[in-house]
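What follows is one structure encoded as structure tokens, with my remarks underneath.
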Amino acid sequence: MATRTSKRTLYRLRGVTPTVDAMFDALDPNQLERVQADFDFPENLGAPAVLVTGSFEQPVASWCDEIFRTTGIEVSRPVNRSAGLLMLAVDGEVYAIGYDQGFRLVPDRLKDHRFGLSFASRRVDPAKIRDLVSHTPGGGRTDITLIPGGASVWSLGIVEHAQIVRRLGGHLDDMLLTISRDNPARISSAEGGAGLRLRLGVEGADLIADIRAIARVLREEKASPELEFVEHVVPVDDPGLLTRLEAVLDDLLGNEPGGSISAAVPADHWDDYTATRAFRARIKSDEVGRATDDFDLEYVLCRARVQQAGSRVTALREGTVTLYRHSRTDRADEIWTSSALRWIEAEVSLDSHRFFLMDEDWYEIDQQYLKTIRSHAERLITDSPSVDLPPWVLGEMERTYNASVPDQRPGYACFDRDNVQTALHRGNGVEICDLLSPDNALIMVKRAKGSDALSHLFSQALVAVQTLRNSPEGRERFAEKVLAARKGRGLPEGFRPSKVVFAILLKDGADLTADTLFPFSQVTLVQTARTLEAWGVQVEVVGISSTPPAVVPTGIRWLVA
């Protein structure tokens, strides 16, 4: 029985009118000639569409000459890589799907480079991230993380304001597509970057229905709270600012290298980069640059430096870098050609603001810092706490409140100032928690009049979790205390903390929100949460409700006296 779906990468194209003629004109004639393209215009889709088919051919594979030189045996094997590209217009938008090598026929300049990522931030389950690629501006560093079983996004150690997510993949969260229409319980997945890779319907009607479902998500839904940071960093689009930034970059390119420009691999071509055996760059020259084993930043900057002032950025934008799958660099060995500007990353300053050029787009990172901190703090502060803590009587000491909880909430145990001694923590020892919940969450309690008290609380949590994770002696001593406090019901074998709850009473009993939490405390809270989550520990922040102290009538006070 033929399957109803197939895993494909869907691209959304920008600036292409949804007509057959416009789709045809958008394609690169050189690439079409290279694959000896054939064209068809499907009518059964009920939408304007263009189908391109062809193949990348080599009469003799590049390795045959090496085999002859190594063994003396003549070998002649051809290479034929098929290529199919379907372009179709759905509800006024133009999309493209590549088959085998057909994705190479989609011009990079037409791709909506945030299409797949925007969908993933809305529909991928934040607790089941399987694939994440992030870039740290300013040094050309790209981090690629693969977790086949899935993991929480916060366990991956992403620094929201300092890293740009370029690709995100994981389990799809409640998405009605062809793959799940017959079996809603079937788990599917998606990977989003410039394109969106997922299982799409094979039949024409199913494919169009899936595209419409994807478009509806992008049109009507917001990014999930845990993943909205992905969309905080967007390219600069102010024309005046872009002109100023390019002028500063042009001046920078005219000087000797000073470390503010580095090499960077274009976001959607990491696989091509790892498969490449030779590179050639051409910048304002009739001659092709020498073949190199890696991208030659020094050559590119040298060629830019000799251009006239005001034309250097344009020279890189119009220049090319070509990747080859063999060091002989024949045309048949070409993998991909792109603008040379996509291969450099630059950092410039304007009016005390820092900007980064990456993949031909400019970004300002600093302005996102407070926004991302606040956003993360809002996610941590919950209105539906997993712990049930009684109200705090205003004026009551913190130690008195903690000691009263087990009496009011059976199953809770108090360890306030009941410290654990270890070889590392002699003297006063280490306080593991103020309270332990029935499901073994470590609860850190604090009545906070300022940010210094909360900084101490957050530090306490880090030390406590480190002790339980890394010190067998600490785990044993704490287990003994729990066994005694619970009168025989101890911790499970091999216990490691999986949740930390910060329970906070603000001064005067104000409700705990991102607005009322001290700004500096938001920063330290988020830093602490990132560390704990990277260790696999869930973090929750709850406000403790308050109640006024009981008022004793005057007559009663006189009788007591």
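We label chains A, B, ... in the order they appear in the structure tokens, count residues from 1 in each chain, and number ligands from 1 in the order shown.
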Exercise for the section: Go through region 5-168 of chain A and collect every residue that DSSP, computed from the backbone, puts in helix (DSSP H, G or I); the answer should be as a ChimeraX atom specification. Expected result: /A:20-25,29-34,63-71,101-105,108-110,115-123,153-156
Exercise for the section: Please provide as a list in words all residues within 9 Å of Ser545 (chain A), with the sequence filter that same-chain residues fewer than 4 positions apart are discarded (counting only C-alpha atoms). Expected result: Leu389, Pro390, Pro391, Trp392, Val393, Leu505, Gly509, Ala510 and Asp511 of chain A
Practice task
Might you pull out every residue within 9 Å of Arg325 (chain A), with only C-alpha atoms counted and same-chain residues fewer than 4 positions away left off, and present them as a PyMOL selection string?
Solution key: chain A and resi 62+272+275-278+329+333-335
Practice task
Could you give me, as a ChimeraX atom specification, the residues within 12 Å of Ala209 (chain A), counting only C-alpha atoms and dropping anything in the same chain fewer than 6 positions from it?
Solution key: /A:45-46,90-91,176-179,181,200-203,215-216
Problem - Selected residue, from A:Asp359, A:Met397, A:Arg530, A:Gln31, that lies nearest to Ile373 (chain A) when counting only C-alpha atoms - result: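 For Ile373 (chain A), the nearest of the candidates is A:Arg530.
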Handout entry: Shell around Arg280 (chain A) at 7 Å using only C-alpha atoms, local window under 4 positions removed, as a ChimeraX atom specification
Key = /A:289-292,321-323
Handout entry: In region 379-494 of chain A, DSSP strand (DSSP E) residues written as a ChimeraX atom specification
Key = /A:392-393,413-414,435-436,442-448
Problem - Shortest interatomic distance to Val463 (chain A) - which of A:Val230, A:Ile344, A:Val35, A:Ile432, counting only C-alpha atoms - result: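 Distance minimum relative to Val463 (chain A) lands on A:Ile432.
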Handout entry: Nearest-residue call for Arg475 (chain A), choices A:Thr70, A:Ser404, A:Ser386, A:Thr422, using only C-alpha atoms
Key = A:Thr422
Problem - From A:Gly488, A:Pro137, A:Pro519, A:Gly474, residue lying nearest Ser455 (chain A) [only C-alpha atoms] - result: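 Under the stated criterion, the closest residue is A:Pro519.
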Handout entry: CA of Asp131 (chain A) to CA of Leu462 (chain A), straight-line distance in Å
Key =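 Spanning CA of Leu462 (chain A) to CA of Asp131 (chain A) is a straight-line distance of 27.5 Å.
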Problem - Spatial neighbours of Leu168 (chain A), 7 Å, only C-alpha atoms, chain gap at least 6 places, as a PyMOL selection string - result: chain A and resi 117+120+131-133+191-193
Go ahead and save the residues from that selection, with N, CA and C atoms, as a tab-separated table (two decimals), in the first residue's frame.
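Writing done, so here's selection23.tsv:
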```
chain	number	residue	atom	x	y	z
A	117	LEU	N	11.58	28.34	10.50
A	117	LEU	CA	11.85	28.62	11.91
A	117	LEU	C	10.62	29.21	12.59
A	120	ALA	N	8.25	26.39	13.32
A	120	ALA	CA	8.74	25.54	14.41
A	120	ALA	C	8.54	26.20	15.77
A	131	ASP	N	16.54	18.86	17.61
A	131	ASP	CA	17.54	19.39	16.69
A	131	ASP	C	17.57	20.90	16.85
A	132	LEU	N	18.71	21.46	17.21
A	132	LEU	CA	18.79	22.90	17.39
A	132	LEU	C	20.16	23.39	16.90
A	133	VAL	N	20.12	24.40	16.05
A	133	VAL	CA	21.35	25.03	15.56
A	133	VAL	C	21.31	26.49	15.97
A	191	GLU	N	11.38	20.08	11.20
A	191	GLU	CA	12.62	20.84	11.36
A	191	GLU	C	12.45	22.12	10.58
A	192	GLY	N	12.64	23.25	11.26
A	192	GLY	CA	12.43	24.52	10.62
A	192	GLY	C	13.66	25.40	10.61
A	193	GLY	N	14.02	25.88	9.44
A	193	GLY	CA	15.09	26.87	9.28
A	193	GLY	C	14.62	27.81	8.19
```
Handout entry: Separation of CA of Ala315 (chain A) from CA of Asp237 (chain A), in Å and rounded to one decimal
Key = 21.6 Å
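For Leu525 (chain A), the non-local neighbours within 8 Å, defined as residues at least 2 positions apart in the same chain or in other chains and counting only C-alpha atoms, are A:Ala377, A:Ser455, A:Phe458, A:Ser521, A:Gln522, A:Val523, A:Gln527, A:Thr528, A:Ala529.
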Handout entry: Nearest residue to Val79 (chain A) from the set A:Ser134, A:Gly92, A:Ala61, A:Asp296 (distances using only C-alpha atoms)
Key =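 Nearest to Val79 (chain A): A:Ala61.
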